[in-house]
Structures are given as C-alpha cells and as structure tokens.
Amino acid sequence: MIAFFEIPTNDFDKSVAFYQALFGEKLEVSQFGDEKMACLMKDGKSVCSISSAPSFPGFAPSNGGVLVYLQTKDLDASVKTALDNGATIVTPKTKIQVDGWGYFAIIADPVGNRIGLLWRQVKSRKRRLQWREPPGFLHYPYL
C-alpha cells in the first residue's frame, strides 16, 4: 500500500508549475531550511510532494529506478497537458495486453523524472464504459 511518494526536482518552480498543470490543482508549498516541498493534498493529508532538497546527497531527479503510475480519466488529454507543460514522451500510448487493463504512457517531466500515466476502462452491467481503478493503485490523484 502506498502511503506517500516524493518526486525529486532540481528546478522547484518549473516542477511545481508542471505538476499543478498536470493535476489541475494548486499544490501547497512549504519550506524547511533549504528543503522545499509542494504537496498534493487528499482529505487534508499530503499524498505526494514535489521536493527540492539540495543538502540531501542523492536526492535528485532520475530517469531510472521506481516508476510511479498516476491514474487518469483521459490519457490523451493528460499526455497533451504534460507535453504542453514541458514533458517528453518516453513510451507513447500503449495498449496493455492483459484484457481489460486499458492503456498507459510514460512521460519524463521537465526535470527528467519518469512518470507513468494509466487509463483503464471496463464495461458495466448496463454496457456503458465506466472508470475502475486497478487493485492496489493509489486512489489519488486523478488527472
């Protein structure tokens, strides 16, 4: 179960502007010494932060390592918003081969972090398409 995640940055203002555009929400900014955090809130709790921590060795953007996927209700619109705000495509929109899992894309944010975007559809009993989260995925943020 995911409790919290941080996205490191070496260009705080650029990253905050990018993720505010991508999430469509204002992030709560705070500073503690040389560490800056811009937090995405859900039910009064921080679930994610864009963080700059120059005094912590190794805390920097990376295009390797853990890959976090954010749920989206419209993958094409989220990818367009990301590109319009300085992201690049790592993996274009791709159908997940497991039946019913939908589509994903992987972007690199403006400072180089890889972020996955995931969209999944299922048919309801009424044969309408509706959104359903994959089991174990973070329930916020919805893009």
# chains A, B, ... in the order shown; residues from 1 in each chain; ligands from 1

call {"tool": "closest_atom_pairs", "arguments": {"of": "region 54-87 of chain A", "to": "region 94-111 of chain A", "cutoff": "10 Å", "atoms": "only C-alpha atoms", "output": "CSV"}}
result
residue,atom,partner,partner_atom,distance
A:Ala60,CA,A:Val111,CA,9.3
A:Pro61,CA,A:Val111,CA,6.4
A:Ser62,CA,A:Val111,CA,8.4
A:Asn63,CA,A:Ala108,CA,7.5
A:Leu67,CA,A:Ile106,CA,9.0
A:Val68,CA,A:Ile106,CA,9.6
A:Tyr69,CA,A:Ile106,CA,8.3
A:Leu70,CA,A:Phe104,CA,9.6
A:Gln71,CA,A:Phe104,CA,9.2
A:Thr72,CA,A:Phe104,CA,9.4
A:Leu75,CA,A:Phe104,CA,7.4
A:Asp76,CA,A:Ala105,CA,9.1
A:Ser78,CA,A:Ala105,CA,9.7
A:Val79,CA,A:Ala105,CA,7.7
A:Ala82,CA,A:Asp109,CA,7.6
A:Leu83,CA,A:Ile107,CA,8.5
A:Asn85,CA,A:Pro110,CA,7.8
A:Gly86,CA,A:Pro110,CA,5.2
A:Ala87,CA,A:Asp109,CA,4.5

call {"tool": "select_by_dssp", "arguments": {"residues": "region 3-85 of chain A", "states": "strand (DSSP E or B)", "output": "list in words"}}
result
Phe5, Glu6, Ile7, Pro8, Glu28, Val29, Ser30, Gln31, Phe32, Glu35, Lys36, Met37, Ala38, Cys39, Leu40, Met41, Lys42, Lys45, Ser46, Val47, Cys48, Ser49, Ile50, Ser51, Ser52, Val68, Tyr69, Leu70 and Gln71 of chain A

call {"tool": "write_last_selection", "arguments": {"atoms": "N, CA and C atoms", "output": "mmCIF file, in the first residue's frame"}}
result
data_model
loop_
_atom_site.group_PDB
_atom_site.id
_atom_site.type_symbol
_atom_site.label_atom_id
_atom_site.label_comp_id
_atom_site.auth_asym_id
_atom_site.auth_seq_id
_atom_site.Cartn_x
_atom_site.Cartn_y
_atom_site.Cartn_z
ATOM 1 N N PHE A 5 4.484 9.522 -1.645
ATOM 2 C CA PHE A 5 5.648 9.477 -2.528
ATOM 3 C C PHE A 5 6.123 10.878 -2.835
ATOM 4 N N GLU A 6 7.448 10.989 -3.065
ATOM 5 C CA GLU A 6 8.078 12.254 -3.406
ATOM 6 C C GLU A 6 8.626 12.183 -4.819
ATOM 7 N N ILE A 7 8.501 13.279 -5.521
ATOM 8 C CA ILE A 7 9.091 13.408 -6.851
ATOM 9 C C ILE A 7 10.199 14.455 -6.717
ATOM 10 N N PRO A 8 11.465 14.039 -6.807
ATOM 11 C CA PRO A 8 12.558 14.989 -6.625
ATOM 12 C C PRO A 8 12.698 15.948 -7.810
ATOM 13 N N GLU A 28 0.257 22.783 -2.218
ATOM 14 C CA GLU A 28 0.594 23.545 -1.007
ATOM 15 C C GLU A 28 2.103 23.554 -0.831
ATOM 16 N N VAL A 29 2.706 24.746 -0.891
ATOM 17 C CA VAL A 29 4.159 24.891 -0.835
ATOM 18 C C VAL A 29 4.597 25.221 0.585
ATOM 19 N N SER A 30 5.681 24.558 1.017
ATOM 20 C CA SER A 30 6.290 24.865 2.308
ATOM 21 C C SER A 30 7.802 24.743 2.173
ATOM 22 N N GLN A 31 8.513 25.357 3.116
ATOM 23 C CA GLN A 31 9.965 25.325 3.086
ATOM 24 C C GLN A 31 10.492 25.090 4.488
ATOM 25 N N PHE A 32 11.506 24.216 4.593
ATOM 26 C CA PHE A 32 12.155 23.897 5.858
ATOM 27 C C PHE A 32 13.653 23.955 5.597
ATOM 28 N N GLU A 35 15.170 22.810 2.157
ATOM 29 C CA GLU A 35 14.236 21.864 1.544
ATOM 30 C C GLU A 35 12.907 22.545 1.248
ATOM 31 N N LYS A 36 12.442 22.386 0.004
ATOM 32 C CA LYS A 36 11.146 22.921 -0.409
ATOM 33 C C LYS A 36 10.255 21.755 -0.804
ATOM 34 N N MET A 37 8.985 21.848 -0.439
ATOM 35 C CA MET A 37 8.018 20.815 -0.798
ATOM 36 C C MET A 37 6.749 21.469 -1.314
ATOM 37 N N ALA A 38 6.186 20.900 -2.364
ATOM 38 C CA ALA A 38 4.885 21.321 -2.880
ATOM 39 C C ALA A 38 4.012 20.074 -2.822
ATOM 40 N N CYS A 39 3.036 20.083 -1.927
ATOM 41 C CA CYS A 39 2.268 18.874 -1.626
ATOM 42 C C CYS A 39 0.901 18.860 -2.296
ATOM 43 N N LEU A 40 0.547 17.686 -2.783
ATOM 44 C CA LEU A 40 -0.786 17.413 -3.299
ATOM 45 C C LEU A 40 -1.579 16.836 -2.140
ATOM 46 N N MET A 41 -2.706 17.440 -1.838
ATOM 47 C CA MET A 41 -3.484 17.062 -0.662
ATOM 48 C C MET A 41 -4.721 16.253 -1.053
ATOM 49 N N LYS A 42 -5.071 15.298 -0.207
ATOM 50 C CA LYS A 42 -6.288 14.498 -0.353
ATOM 51 C C LYS A 42 -6.869 14.328 1.043
ATOM 52 N N LYS A 45 -4.684 15.506 3.894
ATOM 53 C CA LYS A 45 -3.391 14.856 4.087
ATOM 54 C C LYS A 45 -2.576 14.930 2.805
ATOM 55 N N SER A 46 -1.280 15.076 2.976
ATOM 56 C CA SER A 46 -0.378 15.101 1.836
ATOM 57 C C SER A 46 -0.170 13.674 1.333
ATOM 58 N N VAL A 47 -0.379 13.455 0.033
ATOM 59 C CA VAL A 47 -0.189 12.127 -0.549
ATOM 60 C C VAL A 47 1.021 12.083 -1.480
ATOM 61 N N CYS A 48 1.494 13.252 -1.884
ATOM 62 C CA CYS A 48 2.600 13.337 -2.829
ATOM 63 C C CYS A 48 3.239 14.706 -2.677
ATOM 64 N N SER A 49 4.555 14.764 -2.850
ATOM 65 C CA SER A 49 5.189 16.079 -2.857
ATOM 66 C C SER A 49 6.213 16.161 -3.977
ATOM 67 N N ILE A 50 6.328 17.352 -4.512
ATOM 68 C CA ILE A 50 7.400 17.702 -5.425
ATOM 69 C C ILE A 50 8.432 18.331 -4.507
ATOM 70 N N SER A 51 9.628 17.765 -4.431
ATOM 71 C CA SER A 51 10.576 18.174 -3.396
ATOM 72 C C SER A 51 11.940 18.539 -3.958
ATOM 73 N N SER A 52 12.495 19.585 -3.385
ATOM 74 C CA SER A 52 13.854 20.010 -3.668
ATOM 75 C C SER A 52 14.611 19.969 -2.350
ATOM 76 N N VAL A 68 6.346 5.403 -10.870
ATOM 77 C CA VAL A 68 5.018 5.601 -10.296
ATOM 78 C C VAL A 68 4.034 5.855 -11.430
ATOM 79 N N TYR A 69 2.877 5.194 -11.375
ATOM 80 C CA TYR A 69 1.816 5.413 -12.358
ATOM 81 C C TYR A 69 0.698 6.205 -11.711
ATOM 82 N N LEU A 70 0.255 7.254 -12.368
ATOM 83 C CA LEU A 70 -0.862 8.069 -11.914
ATOM 84 C C LEU A 70 -2.076 7.734 -12.770
ATOM 85 N N GLN A 71 -3.206 7.569 -12.128
ATOM 86 C CA GLN A 71 -4.440 7.272 -12.861
ATOM 87 C C GLN A 71 -4.936 8.512 -13.575
#

call {"tool": "select_by_dssp", "arguments": {"residues": "region 4-123 of chain A", "states": "alpha helix (DSSP H)", "output": "ChimeraX atom specification"}}
result
/A:12-23,75-84

call {"tool": "atom_distance", "arguments": {"atom1": "CA of Lys26 (chain A)", "atom2": "CA of Lys93 (chain A)"}}
result
26.7 Å
